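> Structure: work_11.cif, mmCIF, C-alpha atoms.
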data_work
loop_
_atom_site.group_PDB
_atom_site.id
_atom_site.type_symbol
_atom_site.label_atom_id
_atom_site.label_comp_id
_atom_site.auth_asym_id
_atom_site.auth_seq_id
_atom_site.Cartn_x
_atom_site.Cartn_y
_atom_site.Cartn_z
ATOM 1 C CA PRO A 1 67.127 22.877 30.969
ATOM 2 C CA ARG A 2 66.309 23.509 34.566
ATOM 3 C CA ASN A 3 65.889 27.243 33.966
ATOM 4 C CA ILE A 4 64.647 28.759 30.721
ATOM 5 C CA PRO A 5 66.239 32.151 29.980
ATOM 6 C CA ILE A 6 64.567 34.634 27.667
ATOM 7 C CA LEU A 7 66.990 34.551 24.743
ATOM 8 C CA ASP A 8 65.328 36.339 21.888
ATOM 9 C CA LYS A 9 62.273 38.321 20.777
ATOM 10 C CA ALA A 10 60.224 35.188 19.984
ATOM 11 C CA ASN A 11 60.805 33.807 23.512
ATOM 12 C CA GLN A 12 60.055 37.213 25.040
ATOM 13 C CA ASP A 13 56.752 37.374 23.142
ATOM 14 C CA MET A 14 55.890 33.814 24.190
ATOM 15 C CA LEU A 15 56.535 34.667 27.842
ATOM 16 C CA LYS A 16 54.454 37.842 27.614
ATOM 17 C CA SER A 17 51.511 35.848 26.325
ATOM 18 C CA ALA A 18 52.082 33.139 28.958
ATOM 19 C CA VAL A 19 51.860 35.623 31.836
ATOM 20 C CA ALA A 20 49.258 38.010 30.384
ATOM 21 C CA GLU A 21 46.350 36.823 32.535
ATOM 22 C CA LYS A 22 48.337 35.561 35.545
ATOM 23 C CA ASN A 23 48.228 36.831 39.105
ATOM 24 C CA PRO A 24 51.536 37.572 40.906
ATOM 25 C CA ASP A 25 51.311 34.335 42.894
ATOM 26 C CA ASP A 26 50.478 32.128 39.872
ATOM 27 C CA TYR A 27 52.988 29.862 38.168
ATOM 28 C CA VAL A 28 53.808 30.104 34.479
ATOM 29 C CA VAL A 29 54.331 26.350 34.370
ATOM 30 C CA ALA A 30 52.613 24.113 36.869
ATOM 31 C CA LYS A 31 51.956 20.444 37.280
ATOM 32 C CA LYS A 32 48.503 18.986 37.607
ATOM 33 C CA PRO A 33 47.364 18.687 41.219
ATOM 34 C CA THR A 34 46.798 15.164 42.501
ATOM 35 C CA LYS A 35 44.127 13.879 44.851
ATOM 36 C CA SER A 36 46.680 13.396 47.614
ATOM 37 C CA LYS A 37 48.318 16.828 47.047
ATOM 38 C CA PRO A 38 45.716 19.156 45.514
ATOM 39 C CA ASP A 39 47.687 22.329 46.310
ATOM 40 C CA ASP A 40 51.101 21.050 45.180
ATOM 41 C CA ILE A 41 51.429 22.577 41.707
ATOM 42 C CA LYS A 42 54.973 23.994 41.762
ATOM 43 C CA MET A 43 56.914 22.679 38.773
ATOM 44 C CA LEU A 44 60.281 21.205 39.793
ATOM 45 C CA PRO A 45 63.030 20.259 37.290
ATOM 46 C CA GLU A 46 62.042 16.594 37.326
ATOM 47 C CA THR A 47 58.405 17.581 36.785
ATOM 48 C CA VAL A 48 59.369 19.629 33.730
ATOM 49 C CA GLU A 49 61.130 16.568 32.329
ATOM 50 C CA ASP A 50 58.085 14.426 33.147
ATOM 51 C CA ALA A 51 55.834 16.922 31.348
ATOM 52 C CA PHE A 52 58.043 16.827 28.230
ATOM 53 C CA SER A 53 58.168 13.028 28.331
ATOM 54 C CA GLU A 54 54.398 12.783 28.674
ATOM 55 C CA ALA A 55 53.838 15.194 25.779
ATOM 56 C CA LEU A 56 56.209 13.151 23.586
ATOM 57 C CA ARG A 57 54.474 9.921 24.624
ATOM 58 C CA GLU A 58 51.026 11.339 23.834
ATOM 59 C CA ARG A 59 52.093 12.613 20.418
ATOM 60 C CA HIS A 60 54.596 9.957 19.298
ATOM 61 C CA GLY A 61 53.839 6.868 21.382
ATOM 62 C CA ASP A 62 56.952 4.928 22.440
ATOM 63 C CA THR A 63 59.176 6.381 19.691
ATOM 64 C CA TYR A 64 61.116 8.532 22.189
ATOM 65 C CA LEU A 65 60.537 6.342 25.247
ATOM 66 C CA TYR A 66 64.231 6.002 26.180
ATOM 67 C CA ASN A 67 65.307 9.461 25.011
ATOM 68 C CA ALA A 68 65.623 10.959 28.531
ATOM 69 C CA LEU A 69 65.389 14.369 26.810
ATOM 70 C CA HIS A 70 69.146 14.573 26.509
ATOM 71 C CA GLY A 71 68.891 15.720 22.905
ATOM 72 C CA LEU A 72 66.616 18.561 23.962
ATOM 73 C CA ARG A 73 69.118 19.659 26.619
ATOM 74 C CA LYS A 74 71.985 19.489 24.106
ATOM 75 C CA THR A 75 70.140 21.552 21.522
ATOM 76 C CA PHE A 76 69.136 24.108 24.138
ATOM 77 C CA ALA A 77 72.664 24.291 25.589
ATOM 78 C CA GLN A 78 74.315 24.975 22.230
ATOM 79 C CA ARG A 79 71.755 27.635 21.342
ATOM 80 C CA TYR A 80 72.058 29.268 24.760
ATOM 81 C CA TYR A 81 75.868 29.207 24.572
ATOM 82 C CA ASP A 82 75.882 30.809 21.100
ATOM 83 C CA ILE A 83 73.535 33.623 22.128
ATOM 84 C CA ILE A 84 75.338 34.395 25.404
ATOM 85 C CA ARG A 85 78.751 34.191 23.716
ATOM 86 C CA GLU A 86 77.813 37.143 21.498
ATOM 87 C CA ARG A 87 77.655 39.316 24.652
ATOM 88 C CA CYS A 88 80.101 37.715 27.098
ATOM 89 C CA GLU A 89 83.682 36.478 27.355
ATOM 90 C CA LYS A 90 84.151 32.745 26.831
ATOM 91 C CA LYS A 91 84.800 31.987 30.523
ATOM 92 C CA GLN A 92 81.621 33.799 31.589
ATOM 93 C CA THR A 93 79.630 32.108 28.810
ATOM 94 C CA ILE A 94 80.803 28.682 29.989
ATOM 95 C CA ALA A 95 79.867 29.537 33.591
ATOM 96 C CA LYS A 96 76.399 30.776 32.607
ATOM 97 C CA THR A 97 75.767 27.701 30.448
ATOM 98 C CA ASN A 98 76.791 25.400 33.294
ATOM 99 C CA ALA A 99 74.432 27.266 35.617
ATOM 100 C CA VAL A 100 71.434 27.144 33.284
ATOM 101 C CA LEU A 101 71.929 23.386 32.916
ATOM 102 C CA GLY A 102 71.931 23.088 36.707
ATOM 103 C CA HIS A 103 75.613 22.166 36.944
ATOM 104 C CA GLY A 104 76.806 25.197 38.942
ATOM 105 C CA TYR A 105 78.989 28.080 37.779
ATOM 106 C CA ASN A 106 82.399 26.606 38.616
ATOM 107 C CA ARG A 107 82.464 23.384 36.595
ATOM 108 C CA GLY A 108 84.373 24.933 33.687
ATOM 109 C CA PRO A 109 84.355 23.539 30.144
ATOM 110 C CA GLN A 110 84.148 19.952 31.445
ATOM 111 C CA GLY A 111 80.663 20.660 32.807
ATOM 112 C CA ILE A 112 79.221 21.453 29.392
ATOM 113 C CA LYS A 113 81.517 19.421 27.140
ATOM 114 C CA SER A 114 78.893 16.780 26.362
ATOM 115 C CA TYR A 115 76.248 19.438 25.687
ATOM 116 C CA VAL A 116 78.093 22.139 23.741
ATOM 117 C CA LYS A 117 80.225 20.918 20.852
ATOM 118 C CA ASN A 118 81.152 24.347 19.486
ATOM 119 C CA MET A 119 82.722 26.357 22.328
ATOM 120 C CA HIS A 120 83.936 29.260 20.193
#
Take the structure from the file and write it as structure tokens.

Amino acid sequence: PRNIPILDKANQDMLKSAVAEKNPDDYVVAKKPTKSKPDDIKMLPETVEDAFSEALRERHGDTYLYNALHGLRKTFAQRYYDIIRERCEKKQTIAKTNAVLGHGYNRGPQGIKSYVKNMH
């Protein structure tokens, strides 16, 4: 996911602990500064994916080397859809799910078809 919404109490608690000691101009998630760009720590979508890939590589070696995190996005999308659907009409739920995946609000069911199998 390109954006991570706060879906439930467990995620809310996790976020509270993540920001507990932060200053207003700090980032919750940041990349490691490099020698050539020591002040460039803003986490962009591709950097989030890189961070996940690196964590998988460190823990599991090359097992998930060609995964491209698509399974993670699919699992997240279905969970997000289910939670939002409890509160919103189907059309609005589809639009919000498209947006959180970075596809834009107006892609309709086609935009999330490969991510969300159960569009109830």
> Name the residues that the PyMOL selection byres ((chain A and resi 115) around 9) pulls out of this structure, and write them as a list of chain:residue names.
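With the shown file as input, the PyMOL selection byres ((chain A and resi 115) around 9) matches A:His70, A:Gly71, A:Arg73, A:Lys74, A:Thr75, A:Phe76, A:Ala77, A:Gln78, A:Gly111, A:Ile112, A:Lys113, A:Ser114, A:Val116, A:Lys117.
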> Have a look at CA of Leu69 (chain A) and CA of Leu101 (chain A) and let me know their distance in Å, one decimal.
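Pair CA of Leu69 (chain A) / CA of Leu101 (chain A) returns 12.7 Å.
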> Find the distance between CA of Tyr64 (chain A) and CA of Met119 (chain A) and write it in Å to one decimal.
28.0 Å
> For Ile83 (chain A), which of A:Asp8, A:Glu21, A:Asp13, A:Glu58 is the closest residue, counting only C-alpha atoms?
A:Asp8
> Just how far from CA of Cys88 (chain A) is CA of Gly108 (chain A), in Å to one decimal?
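For CA of Gly108 (chain A) relative to CA of Cys88 (chain A), the distance reads 15.0 Å.
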> Name the closest residue to Gln110 (chain A) among the candidates A:Asn98, A:Ser36, A:Gln12, A:Thr93; distances are taken between atoms, counting only C-alpha atoms.
A:Asn98
> With all atoms listed in the file as the atoms that count, which of A:Glu49, A:Asn67, A:His103, A:Lys90 lies nearest to His120 (chain A)?
A:Lys90
